[in-house]
$ cat entry_32.txt   # compact mmCIF, C-alpha atoms and all ligand atoms
# COMPACT_ATOMS: atom_id res chain seq x y z
CA MET A 23 23.51 11.61 -0.28
CA ILE A 24 19.85 12.25 0.47
CA GLY A 25 18.42 8.76 0.33
CA PHE A 26 15.06 8.04 -1.18
CA ASN A 27 13.83 6.31 1.98
CA VAL A 28 14.91 6.03 5.60
CA ALA A 29 13.04 3.42 7.62
CA PRO A 30 10.88 5.08 10.28
CA PHE A 31 12.35 4.99 13.78
CA THR A 32 10.95 6.91 16.74
CA GLY A 33 13.29 5.91 19.55
CA LYS A 34 11.01 3.67 21.60
CA GLU A 35 11.58 0.57 19.46
CA PHE A 36 14.46 -0.90 21.51
CA ASP A 37 12.53 -0.44 24.72
CA TYR A 38 9.43 -2.17 23.37
CA ILE A 39 11.38 -5.05 21.85
CA ARG A 40 13.05 -5.50 25.24
CA GLN A 41 9.62 -5.56 26.86
CA ALA A 42 8.48 -8.28 24.46
CA ILE A 43 11.53 -10.34 25.39
CA GLU A 44 11.08 -9.73 29.12
CA ALA A 45 7.43 -10.76 28.86
CA GLU A 46 8.82 -14.07 27.56
CA HIS A 47 6.54 -13.88 24.58
CA ILE A 48 8.41 -13.30 21.36
CA CYS A 49 6.26 -15.48 19.10
CA GLY A 50 3.06 -14.25 17.50
CA ASP A 51 -0.01 -12.70 19.09
CA GLY A 52 1.69 -11.31 22.18
CA MET A 53 0.87 -8.00 23.84
CA PHE A 54 2.34 -5.80 21.10
CA THR A 55 0.49 -7.61 18.33
CA LYS A 56 -2.72 -7.09 20.32
CA LYS A 57 -1.96 -3.41 20.80
CA CYS A 58 -1.32 -2.98 17.06
CA ASN A 59 -4.48 -4.90 16.07
CA GLY A 60 -6.50 -2.81 18.52
CA TRP A 61 -5.00 0.41 17.24
CA ILE A 62 -5.90 -0.43 13.64
CA GLU A 63 -9.43 -1.41 14.62
CA GLU A 64 -9.93 1.77 16.59
CA ARG A 65 -8.40 4.06 14.00
CA THR A 66 -10.11 2.53 10.97
CA GLY A 67 -13.35 1.20 12.38
CA THR A 68 -12.86 -2.20 10.74
CA ALA A 69 -14.54 -5.17 12.44
CA LYS A 70 -11.19 -6.92 12.88
CA ALA A 71 -7.54 -6.33 12.09
CA LEU A 72 -4.93 -9.08 12.20
CA LEU A 73 -1.24 -8.32 11.98
CA THR A 74 0.45 -10.44 9.30
CA THR A 75 3.97 -11.16 8.11
CA SER A 76 3.47 -8.84 5.10
CA CYS A 77 0.90 -7.14 2.93
CA THR A 78 1.68 -9.81 0.36
CA HIS A 79 0.56 -12.43 2.89
CA ALA A 80 -2.51 -10.43 3.88
CA THR A 81 -3.54 -10.40 0.21
CA GLU A 82 -2.87 -14.13 -0.07
CA MET A 83 -5.09 -14.65 2.96
CA ALA A 84 -7.86 -12.62 1.29
CA ALA A 85 -7.59 -14.78 -1.85
CA LEU A 86 -7.81 -17.95 0.25
CA LEU A 87 -10.70 -16.65 2.35
CA LEU A 88 -12.59 -15.77 -0.83
CA ASN A 89 -11.94 -19.31 -2.07
CA ILE A 90 -10.52 -18.03 -5.36
CA GLN A 91 -10.29 -20.96 -7.78
CA PRO A 92 -8.23 -21.75 -10.89
CA GLY A 93 -9.61 -19.86 -13.88
CA ASP A 94 -11.33 -17.19 -11.79
CA GLU A 95 -10.67 -13.66 -13.00
CA VAL A 96 -9.61 -10.81 -10.77
CA ILE A 97 -9.65 -7.20 -11.96
CA MET A 98 -6.75 -4.97 -10.95
CA PRO A 99 -4.46 -2.28 -12.32
CA SER A 100 -1.31 -3.32 -14.18
CA TYR A 101 0.44 -0.35 -12.59
CA THR A 102 1.03 -1.97 -9.19
CA PHE A 103 3.44 -4.07 -7.16
CA VAL A 104 3.73 -7.74 -8.15
CA SER A 105 2.12 -8.98 -4.91
CA THR A 106 -1.28 -7.61 -5.91
CA ALA A 107 -1.33 -10.11 -8.78
CA ASN A 108 0.70 -12.94 -7.22
CA ALA A 109 -1.71 -13.44 -4.34
CA PHE A 110 -4.40 -14.44 -6.83
CA VAL A 111 -2.12 -16.12 -9.36
CA LEU A 112 -1.02 -18.50 -6.59
CA ARG A 113 -4.63 -19.68 -6.46
CA GLY A 114 -4.67 -20.21 -10.25
CA ALA A 115 -6.64 -17.06 -10.96
CA VAL A 116 -6.12 -14.80 -13.98
CA PRO A 117 -5.33 -11.15 -13.31
CA VAL A 118 -7.29 -8.96 -15.70
CA PHE A 119 -5.58 -5.60 -15.94
CA VAL A 120 -7.46 -2.38 -16.36
CA ASP A 121 -5.90 0.94 -17.36
CA ILE A 122 -5.21 3.68 -14.82
CA ARG A 123 -6.33 7.28 -14.54
CA PRO A 124 -3.39 9.58 -15.18
CA ASP A 125 -4.38 12.02 -12.42
CA THR A 126 -4.16 9.61 -9.47
CA MET A 127 -2.47 6.59 -11.11
CA ASN A 128 -5.34 4.51 -9.69
CA LEU A 129 -7.34 2.03 -11.73
CA ASP A 130 -9.94 3.81 -13.85
CA GLU A 131 -13.28 2.99 -12.29
CA ASN A 132 -15.01 3.67 -15.61
CA LEU A 133 -13.14 0.84 -17.33
CA ILE A 134 -13.95 -1.88 -14.81
CA GLU A 135 -17.40 -2.80 -16.07
CA GLU A 136 -16.22 -3.74 -19.56
CA ALA A 137 -13.57 -6.02 -18.02
CA ILE A 138 -16.15 -8.06 -16.14
CA THR A 139 -16.95 -11.53 -17.52
CA GLU A 140 -18.85 -14.49 -16.06
CA LYS A 141 -15.53 -15.65 -14.58
CA THR A 142 -14.84 -12.45 -12.66
CA ARG A 143 -14.75 -12.99 -8.91
CA ALA A 144 -13.11 -9.91 -7.44
CA ILE A 145 -11.91 -6.35 -7.95
CA VAL A 146 -8.63 -5.30 -6.36
CA PRO A 147 -8.28 -1.52 -6.17
CA VAL A 148 -4.77 -0.33 -5.30
CA HIS A 149 -4.77 2.99 -3.48
CA TYR A 150 -1.66 4.42 -5.08
CA ALA A 151 0.38 6.84 -2.97
CA GLY A 152 -2.26 6.57 -0.26
CA VAL A 153 -4.80 8.40 -2.44
CA ALA A 154 -8.08 6.52 -2.63
CA CYS A 155 -9.57 4.89 -5.68
CA GLU A 156 -13.13 5.92 -6.55
CA MET A 157 -14.60 3.47 -4.05
CA ASP A 158 -18.30 4.40 -4.40
CA LYS A 159 -18.26 3.38 -8.04
CA ILE A 160 -16.20 0.26 -7.34
CA MET A 161 -18.49 -0.93 -4.52
CA GLU A 162 -21.53 -0.23 -6.69
CA LEU A 163 -20.13 -2.45 -9.48
CA ALA A 164 -19.18 -5.11 -6.94
CA SER A 165 -22.70 -5.29 -5.61
CA LYS A 166 -24.27 -5.17 -9.09
CA TYR A 167 -22.16 -8.13 -10.29
CA ARG A 168 -21.76 -9.83 -6.88
CA LEU A 169 -17.99 -9.49 -6.81
CA ALA A 170 -15.68 -9.39 -3.85
CA VAL A 171 -13.46 -6.38 -3.26
CA VAL A 172 -9.95 -6.66 -1.80
CA GLU A 173 -8.35 -3.28 -1.21
CA ASP A 174 -4.61 -3.17 -1.66
CA ALA A 175 -4.12 -0.42 0.92
CA ALA A 176 -0.41 -1.19 1.33
CA GLN A 177 0.31 2.51 0.95
CA GLY A 178 -2.93 3.73 2.48
CA VAL A 179 -2.57 3.46 6.26
CA CYS A 180 -4.16 6.60 7.77
CA SER A 181 -5.76 7.66 4.47
CA PHE A 182 -9.47 8.26 3.96
CA TYR A 183 -12.14 8.28 1.27
CA LYS A 184 -15.24 10.29 2.14
CA GLY A 185 -14.34 9.89 5.79
CA LYS A 186 -13.85 6.11 5.56
CA ALA A 187 -10.44 4.60 6.24
CA LEU A 188 -8.82 2.90 3.27
CA GLY A 189 -8.90 -0.86 3.69
CA THR A 190 -12.30 -0.88 5.41
CA MET A 191 -14.70 -0.60 2.48
CA GLY A 192 -13.95 -3.82 0.60
CA ASP A 193 -14.53 -7.30 2.01
CA TYR A 194 -10.85 -7.32 2.92
CA GLY A 195 -8.20 -4.62 3.17
CA CYS A 196 -4.44 -5.16 3.16
CA PHE A 197 -1.88 -2.92 4.86
CA SER A 198 1.89 -3.02 4.54
CA PHE A 199 4.38 -2.26 7.29
CA HIS A 200 7.42 -2.84 5.12
CA GLU A 201 10.37 -0.56 5.81
CA THR A 202 9.45 1.65 2.83
CA LYS A 203 5.96 2.39 4.15
CA ASN A 204 4.79 5.14 6.52
CA PHE A 205 4.82 2.85 9.56
CA SER A 206 7.07 -0.15 9.69
CA MET A 207 8.05 -3.35 11.43
CA GLY A 208 10.73 -4.29 8.90
CA GLU A 209 8.53 -6.80 7.13
CA GLY A 210 4.88 -6.96 8.07
CA GLY A 211 1.33 -6.08 7.26
CA ALA A 212 -2.25 -6.46 8.37
CA LEU A 213 -5.46 -7.97 7.10
CA LEU A 214 -8.57 -5.89 7.74
CA ILE A 215 -11.81 -7.85 7.83
CA ARG A 216 -14.98 -5.87 7.23
CA ASP A 217 -17.59 -8.46 8.21
CA SER A 218 -17.29 -10.10 11.59
CA GLU A 219 -18.64 -13.43 10.30
CA HIS A 220 -15.34 -13.93 8.46
CA VAL A 221 -13.10 -13.28 11.45
CA GLU A 222 -12.99 -16.84 12.75
CA ASP A 223 -12.04 -18.28 9.34
CA ALA A 224 -9.27 -15.68 9.04
CA GLU A 225 -7.92 -16.49 12.51
CA ILE A 226 -7.84 -20.20 11.68
CA LEU A 227 -6.14 -19.64 8.32
CA ARG A 228 -3.52 -17.39 9.95
CA GLU A 229 -2.81 -19.86 12.77
CA LYS A 230 -1.89 -22.95 10.74
CA GLY A 231 -5.45 -24.11 10.30
CA THR A 232 -6.00 -24.48 14.04
CA ASN A 233 -8.44 -22.87 16.44
CA ARG A 234 -5.56 -21.64 18.62
CA SER A 235 -6.99 -18.11 18.80
CA LYS A 236 -10.20 -19.44 20.28
CA PHE A 237 -8.20 -21.61 22.68
CA PHE A 238 -6.31 -18.61 24.01
CA ARG A 239 -9.55 -16.75 24.53
CA GLY A 240 -10.77 -19.74 26.56
CA GLN A 241 -13.57 -20.49 24.09
CA VAL A 242 -12.41 -24.10 23.53
CA ASP A 243 -10.46 -26.34 25.92
CA LYS A 244 -7.95 -27.68 23.41
CA TYR A 245 -6.80 -26.55 20.04
CA THR A 246 -6.98 -28.78 17.02
CA TRP A 247 -6.56 -28.81 13.27
CA VAL A 248 -9.86 -27.52 11.96
CA ASN A 249 -9.20 -26.31 8.40
CA GLN A 250 -6.50 -25.58 5.82
CA GLY A 251 -4.09 -22.94 7.00
CA SER A 252 -0.63 -21.50 7.09
CA SER A 253 1.47 -19.26 9.31
CA TYR A 254 0.80 -15.60 8.70
CA LEU A 255 1.46 -14.15 12.13
CA PRO A 256 4.54 -12.05 12.84
CA SER A 257 6.80 -12.29 15.86
CA ASP A 258 5.82 -10.02 18.75
CA MET A 259 9.28 -8.42 18.53
CA ASN A 260 8.38 -7.08 15.10
CA ALA A 261 5.03 -5.90 16.44
CA ALA A 262 6.93 -4.12 19.25
CA TYR A 263 8.88 -2.19 16.63
CA LEU A 264 5.64 -1.24 14.88
CA TRP A 265 3.95 -0.19 18.11
CA ALA A 266 6.60 2.48 18.68
CA GLN A 267 5.39 4.05 15.44
CA LEU A 268 1.66 3.55 15.67
CA GLU A 269 1.81 5.30 19.02
CA LEU A 270 3.25 8.33 17.23
CA ALA A 271 1.29 7.88 14.00
CA ASP A 272 -0.15 11.39 14.01
CA GLN A 273 3.27 12.92 14.49
CA ILE A 274 4.75 10.78 11.70
CA THR A 275 1.92 11.66 9.33
CA ALA A 276 2.16 15.38 10.15
CA ASP A 277 5.90 15.31 9.56
CA ARG A 278 5.51 13.62 6.17
CA MET A 279 2.67 15.99 5.26
CA LYS A 280 4.93 18.95 5.97
CA SER A 281 7.48 17.65 3.45
CA TRP A 282 4.74 16.78 0.95
CA ASN A 283 3.23 20.26 1.13
CA ALA A 284 6.64 21.91 0.88
CA TYR A 285 7.50 19.95 -2.29
CA ASN A 286 4.09 20.74 -3.71
CA GLU A 287 4.49 24.44 -3.07
CA GLN A 288 8.09 24.76 -4.19
CA LEU A 289 7.56 22.81 -7.41
CA LYS A 290 4.32 24.57 -8.27
CA PRO A 291 5.99 27.16 -10.56
CA LEU A 292 7.29 24.31 -12.76
CA LYS A 293 3.82 22.81 -12.83
CA ASP A 294 2.27 26.16 -13.73
CA GLN A 295 4.74 26.50 -16.59
CA GLY A 296 3.66 23.08 -17.85
CA ARG A 297 7.11 21.58 -17.38
CA ILE A 298 6.12 18.85 -14.93
CA GLU A 299 2.99 17.35 -13.41
CA LEU A 300 2.42 16.94 -9.69
CA PRO A 301 0.18 14.53 -7.74
CA SER A 302 -3.49 15.35 -7.64
CA VAL A 303 -5.67 14.48 -4.67
CA PRO A 304 -9.43 14.32 -5.35
CA GLU A 305 -11.58 16.39 -3.04
CA ASP A 306 -13.08 13.38 -1.25
CA CYS A 307 -9.67 11.99 -0.31
CA VAL A 308 -7.52 12.62 2.73
CA HIS A 309 -4.08 11.19 2.02
CA ASN A 310 -1.16 10.21 4.24
CA ALA A 311 1.78 11.74 2.35
CA HIS A 312 3.06 8.28 1.56
CA MET A 313 4.74 9.46 -1.60
CA PHE A 314 5.69 12.60 -3.43
CA TYR A 315 6.22 12.25 -7.14
CA LEU A 316 6.51 14.37 -10.22
CA LYS A 317 5.98 13.45 -13.82
CA ALA A 318 8.57 14.42 -16.39
CA LYS A 319 7.70 14.88 -20.07
CA ASP A 320 8.81 11.39 -21.03
CA LEU A 321 11.22 8.55 -20.31
CA GLU A 322 14.18 10.38 -21.80
CA GLU A 323 13.66 13.51 -19.74
CA ARG A 324 13.15 11.42 -16.60
CA THR A 325 16.41 9.53 -17.19
CA LYS A 326 18.29 12.81 -17.49
CA LEU A 327 16.64 14.23 -14.39
CA ILE A 328 17.55 11.16 -12.33
CA ALA A 329 21.18 11.50 -13.43
CA TYR A 330 21.18 15.23 -12.71
CA LEU A 331 19.82 14.71 -9.20
CA LYS A 332 22.24 11.88 -8.56
CA GLU A 333 25.09 14.30 -9.32
CA ALA A 334 23.59 16.53 -6.64
CA GLU A 335 23.60 13.59 -4.19
CA ILE A 336 19.85 13.06 -4.36
CA GLN A 337 18.48 9.57 -4.80
CA THR A 338 15.22 9.35 -6.74
CA VAL A 339 13.45 6.21 -7.89
CA PHE A 340 10.67 5.07 -10.15
CA HIS A 341 8.34 2.08 -10.38
CA TYR A 342 6.36 0.03 -11.55
CA VAL A 343 7.16 -1.81 -14.75
CA PRO A 344 3.54 -2.52 -15.77
CA LEU A 345 2.68 -6.09 -14.82
CA HIS A 346 1.16 -6.97 -18.19
CA THR A 347 4.46 -6.23 -19.94
CA GLY A 348 6.55 -8.60 -17.81
CA GLU A 349 7.20 -12.25 -18.56
CA ALA A 350 4.77 -13.46 -15.90
CA GLY A 351 2.11 -10.94 -16.77
CA LYS A 352 2.07 -11.97 -20.42
CA LYS A 353 1.80 -15.63 -19.49
CA LEU A 354 -0.61 -15.40 -16.58
CA GLY A 355 -2.78 -12.36 -17.13
CA ARG A 356 -4.39 -10.21 -19.76
CA PHE A 357 -5.04 -6.54 -20.33
CA SER A 358 -8.63 -5.50 -20.82
CA GLY A 359 -9.08 -2.72 -23.35
CA VAL A 360 -6.31 -0.32 -24.35
CA ASP A 361 -3.17 0.58 -22.46
CA ARG A 362 -3.61 4.28 -22.88
CA TYR A 363 -1.92 5.50 -19.72
CA THR A 364 -0.37 2.60 -17.78
CA THR A 365 2.88 2.32 -19.73
CA LYS A 366 3.14 5.97 -20.72
CA GLU A 367 2.62 7.34 -17.21
CA SER A 368 4.84 4.69 -15.60
CA GLU A 369 7.70 5.95 -17.76
CA ARG A 370 7.24 9.55 -16.62
CA ILE A 371 6.85 9.16 -12.89
CA LEU A 372 9.68 9.96 -10.50
CA ARG A 373 9.50 9.53 -6.73
CA LEU A 374 11.36 12.07 -4.62
CA PRO A 375 12.89 11.37 -1.20
CA MET A 376 10.10 11.10 1.35
CA TYR A 377 10.43 9.82 4.87
CA TYR A 378 9.81 10.62 8.50
CA GLY A 379 12.53 13.08 9.53
CA LEU A 380 13.25 14.51 6.07
CA ARG A 381 14.26 18.09 6.83
CA ASP A 382 12.78 21.28 5.39
CA GLU A 383 16.12 22.39 4.02
CA GLN A 384 16.53 19.03 2.28
CA VAL A 385 13.15 19.43 0.59
CA SER A 386 14.16 22.94 -0.48
CA TYR A 387 17.53 21.73 -1.74
CA ILE A 388 15.88 18.97 -3.79
CA SER A 389 13.24 21.34 -5.19
CA GLU A 390 15.91 23.87 -6.14
CA ARG A 391 17.94 21.27 -8.00
CA ILE A 392 14.84 20.19 -9.93
CA LYS A 393 14.10 23.80 -10.87
CA GLU A 394 17.71 24.20 -11.94
CA PHE A 395 17.41 21.16 -14.18
CA TYR A 396 14.41 22.64 -15.95
CA GLU A 397 15.96 26.10 -16.22
CA ARG A 398 19.04 24.89 -18.05
C1 LIG A 401 4.48 -2.40 -0.55
C2 LIG A 401 3.35 -2.87 -1.38
C3 LIG A 401 2.91 -4.20 -1.35
C4 LIG A 401 3.64 -5.29 -0.62
O1 LIG A 401 3.81 -5.08 0.72
P1 LIG A 401 4.69 -6.12 1.58
O2 LIG A 401 4.33 -5.77 2.97
O3 LIG A 401 6.12 -5.83 1.24
O4 LIG A 401 4.28 -7.48 1.20
C5 LIG A 401 1.78 -4.54 -2.06
N1 LIG A 401 1.12 -3.64 -2.80
C6 LIG A 401 1.52 -2.35 -2.89
C7 LIG A 401 0.74 -1.39 -3.71
C8 LIG A 401 2.66 -1.93 -2.19
O5 LIG A 401 3.05 -0.66 -2.27
$ encode --input "entry_32.txt" --output "structure tokens"
Amino acid sequence: MIGFNVAPFTGKEFDYIRQAIEAEHICGDGMFTKKCNGWIEERTGTAKALLTTSCTHATEMAALLLNIQPGDEVIMPSYTFVSTANAFVLRGAVPVFVDIRPDTMNLDENLIEEAITEKTRAIVPVHYAGVACEMDKIMELASKYRLAVVEDAAQGVCSFYKGKALGTMGDYGCFSFHETKNFSMGEGGALLIRDSEHVEDAEILREKGTNRSKFFRGQVDKYTWVNQGSSYLPSDMNAAYLWAQLELADQITADRMKSWNAYNEQLKPLKDQGRIELPSVPEDCVHNAHMFYLKAKDLEERTKLIAYLKEAEIQTVFHYVPLHTGEAGKKLGRFSGVDRYTTKESERILRLPMYYGLRDEQVSYISERIKEFYER
């Protein structure tokens, strides 16, 4: 069976976890966490990056730091993972869903303005498949209406929009290092903070509402409870696992890109015949090969294709059930305008196996089976 995902592993993980243990610092903010934070800051140019226990938690932190209140409205796509909405729903906010663009599956920047009301507080673009949303337009609307922007860049580590790293343009950016993402620590993520004046509040929130970070830097002589907070910092053992991958990030990205390009090339004849659609990457975007997907004609064809590939020992998956159609979405959110593409496109999309170490001959085998399916 060719699995849909294999968690990234480079070989150095055991060694680094051992080093964390030998340094007698396995709790948060040890040497590996610092290395990872530093790497993200250097690679993205963000003012500050803080490793977190997940992207979900990074987004929750952003909602808390923005002081999102009950009844506030937050604009986001419905075609996304539940955490994008939950982080704000936990604060009593109402997710206002906007339709997606079928070419990138990202929220349609031209539909945002009509979703804005006097209650709107933030826009949450989700960079689907590591391909950027139209950030110039989004930032322009945010400044026109004085809204915050939280980028869900869970899938966008090492992706760029007009030369800017995803996660660095909005007030806050959220990365995921879950085992299904390009770089992993099992469960984990990072909060990227654009403006340095918000760093101290974020550190306090992440460290149980204390000024422990300042204490360790020697800036205060004891640490105390200074504000509301929680525990959003991962163990240094998890950070050690991640470090083994960040160190080889370019190699991992190049390897994934090789598979992505091979799929794209080998499936192009089917696209040219109009049988399937393939991902499109706008000119201004550099992506990270997080995902390779195709779009079948409709739900029925996709169901048959999944079964056909399963017979050939190939695991393919789909997502997301649009949030506004679920029980929670109906109760807690609302859709602005018409669902022209969200549901329709979500029923057509199929994700092919994509991971670090996927072999060329596996990509060819998968592509051949797909061609076979369409030739029958
Ligand atoms: C993976 C993912 C998340 C959640 O990441 P966790 O680290 O598992 O919390 C959020 N949003 C999107 C778009 C994702 O793909």
$ residues_near_ligand --input "entry_32.txt" --ligand "ligand LIG 401 (chain A)" --cutoff "10 Å" --atoms "all atoms listed in the file" --output "JSON, numbers by chain"
{"A": [74, 75, 76, 77, 78, 79, 80, 81, 82, 101, 102, 103, 104, 105, 106, 107, 108, 109, 147, 148, 149, 150, 151, 152, 173, 174, 175, 176, 177, 178, 196, 197, 198, 199, 200, 201, 202, 203, 206, 207, 208, 209, 210, 211, 212, 312, 342]}
$ closest_residue --input "entry_32.txt" --among "A:Asn260, A:Ser302, A:Thr66, A:Thr142" --to "Thr190 of chain A" --atoms "all atoms listed in the file"
A:Thr66
$ atom_distance --input "entry_32.txt" --atom1 "atom CA of Arg216 of chain A" --atom2 "atom CA of Ala84 of chain A"
11.5 Å
$ atom_distance --input "entry_32.txt" --atom1 "atom CA of Leu327 of chain A" --atom2 "atom CA of Gln288 of chain A"
17.0 Å
$ residues_near_point --input "entry_32.txt" --point "(-0.9, 14.6, 8.8)" --cutoff "6 Å" --atoms "all atoms listed in the file" --output "list in words"
Thr275, Ala276 and Met279 of chain A
$ closest_residue --input "entry_32.txt" --among "A:Leu87, A:Ala334, A:Leu321, A:Ala29" --to "Tyr378 of chain A" --atoms "only C-alpha atoms"
A:Ala29
$ closest_residue --input "entry_32.txt" --among "A:Ile226, A:Met127, A:Ile43, A:Ala266" --to "Ala154 of chain A" --atoms "all atoms listed in the file"
A:Met127
$ residues_around --input "entry_32.txt" --residues "Asn132 of chain A" --least-positions-apart "6" --cutoff "12 Å" --atoms "all atoms listed in the file" --output "PDB file with C-alpha atoms, in the coordinates of the input"
ATOM      1  CA  VAL A 120      -7.460  -2.380 -16.360  1.00  0.00           C
ATOM      2  CA  ASP A 121      -5.900   0.940 -17.360  1.00  0.00           C
ATOM      3  CA  ILE A 122      -5.210   3.680 -14.820  1.00  0.00           C
ATOM      4  CA  ARG A 123      -6.330   7.280 -14.540  1.00  0.00           C
ATOM      5  CA  ILE A 138     -16.150  -8.060 -16.140  1.00  0.00           C
ATOM      6  CA  CYS A 155      -9.570   4.890  -5.680  1.00  0.00           C
ATOM      7  CA  GLU A 156     -13.130   5.920  -6.550  1.00  0.00           C
ATOM      8  CA  MET A 157     -14.600   3.470  -4.050  1.00  0.00           C
ATOM      9  CA  ASP A 158     -18.300   4.400  -4.400  1.00  0.00           C
ATOM     10  CA  LYS A 159     -18.260   3.380  -8.040  1.00  0.00           C
ATOM     11  CA  ILE A 160     -16.200   0.260  -7.340  1.00  0.00           C
ATOM     12  CA  GLU A 162     -21.530  -0.230  -6.690  1.00  0.00           C
ATOM     13  CA  LEU A 163     -20.130  -2.450  -9.480  1.00  0.00           C
ATOM     14  CA  GLY A 359      -9.080  -2.720 -23.350  1.00  0.00           C
TER      15      GLY A 359
END
$ closest_residue --input "entry_32.txt" --among "A:Asp217, A:Asp51, A:Gln267, A:Ser358" --to "Tyr194 of chain A" --atoms "only C-alpha atoms"
A:Asp217
$ residues_around --input "entry_32.txt" --residues "segment 254-258 of chain A" --least-positions-apart "6" --cutoff "6 Å" --atoms "all atoms listed in the file" --output "ChimeraX atom specification"
/A:48-50,52,54-55,74-75,228
$ atom_distance --input "entry_32.txt" --atom1 "atom CA of Lys352 of chain A" --atom2 "atom CA of Glu140 of chain A"
21.5 Å
$ closest_residue --input "entry_32.txt" --among "A:Met376, A:Ala350, A:Val153, A:Leu268" --to "Pro301 of chain A" --atoms "only C-alpha atoms"
A:Val153
$ residues_near_point --input "entry_32.txt" --point "(-16.6, -11.1, 7.9)" --cutoff "12 Å" --atoms "all atoms listed in the file" --output "number ranges by chain"
A: 68-71, 84, 87-88, 170, 190-195, 213-225
$ closest_residue --input "entry_32.txt" --among "A:Ser235, A:Asn249, A:Asn310, A:Thr338" --to "Ser181 of chain A" --atoms "all atoms listed in the file"
A:Asn310
$ axis_aligned_box --input "entry_32.txt" --around "segment 129-141 of chain A" --padding-each-side "5 Å" --output "AutoDock Vina command-line options"
--center_x -13.1 --center_y -5.9 --center_z -15.6 --size_x 21.5 --size_y 29.5 --size_z 17.8
$ build_atoms --input "entry_32.txt" --residues "segment 374-385 of chain A" --atoms "N, CA, C and O atoms" --output "compact mmCIF listing (two decimals), in the frame of the given file"
# COMPACT_ATOMS: atom_id res chain seq x y z
N LEU A 374 10.33 11.29 -5.32
CA LEU A 374 11.36 12.07 -4.62
C LEU A 374 11.54 11.54 -3.20
O LEU A 374 10.64 10.88 -2.66
N PRO A 375 12.68 11.83 -2.58
CA PRO A 375 12.89 11.37 -1.20
C PRO A 375 11.72 11.77 -0.30
O PRO A 375 11.25 12.92 -0.36
N MET A 376 11.23 10.84 0.46
CA MET A 376 10.10 11.10 1.35
C MET A 376 10.16 10.13 2.51
O MET A 376 10.08 8.92 2.32
N TYR A 377 10.41 10.67 3.68
CA TYR A 377 10.43 9.82 4.87
C TYR A 377 10.27 10.67 6.12
O TYR A 377 10.42 11.90 6.08
N TYR A 378 9.94 9.98 7.20
CA TYR A 378 9.81 10.62 8.50
C TYR A 378 11.18 11.18 8.89
O TYR A 378 12.16 10.44 8.91
N GLY A 379 11.25 12.49 9.13
CA GLY A 379 12.53 13.08 9.53
C GLY A 379 13.24 13.79 8.39
O GLY A 379 14.31 14.37 8.60
N LEU A 380 12.68 13.73 7.18
CA LEU A 380 13.25 14.51 6.07
C LEU A 380 13.15 15.98 6.46
O LEU A 380 12.10 16.45 6.89
N ARG A 381 14.25 16.71 6.32
CA ARG A 381 14.26 18.09 6.83
C ARG A 381 13.80 19.11 5.78
O ARG A 381 13.99 18.90 4.59
N ASP A 382 13.27 20.22 6.27
CA ASP A 382 12.78 21.28 5.39
C ASP A 382 13.85 21.73 4.39
O ASP A 382 13.57 21.92 3.22
N GLU A 383 15.08 21.89 4.92
CA GLU A 383 16.12 22.39 4.02
C GLU A 383 16.50 21.35 2.96
O GLU A 383 16.93 21.70 1.87
N GLN A 384 16.28 20.07 3.29
CA GLN A 384 16.53 19.03 2.28
C GLN A 384 15.47 19.10 1.17
O GLN A 384 15.80 19.00 -0.01
N VAL A 385 14.22 19.30 1.58
CA VAL A 385 13.15 19.43 0.59
C VAL A 385 13.42 20.65 -0.32
O VAL A 385 13.28 20.58 -1.54
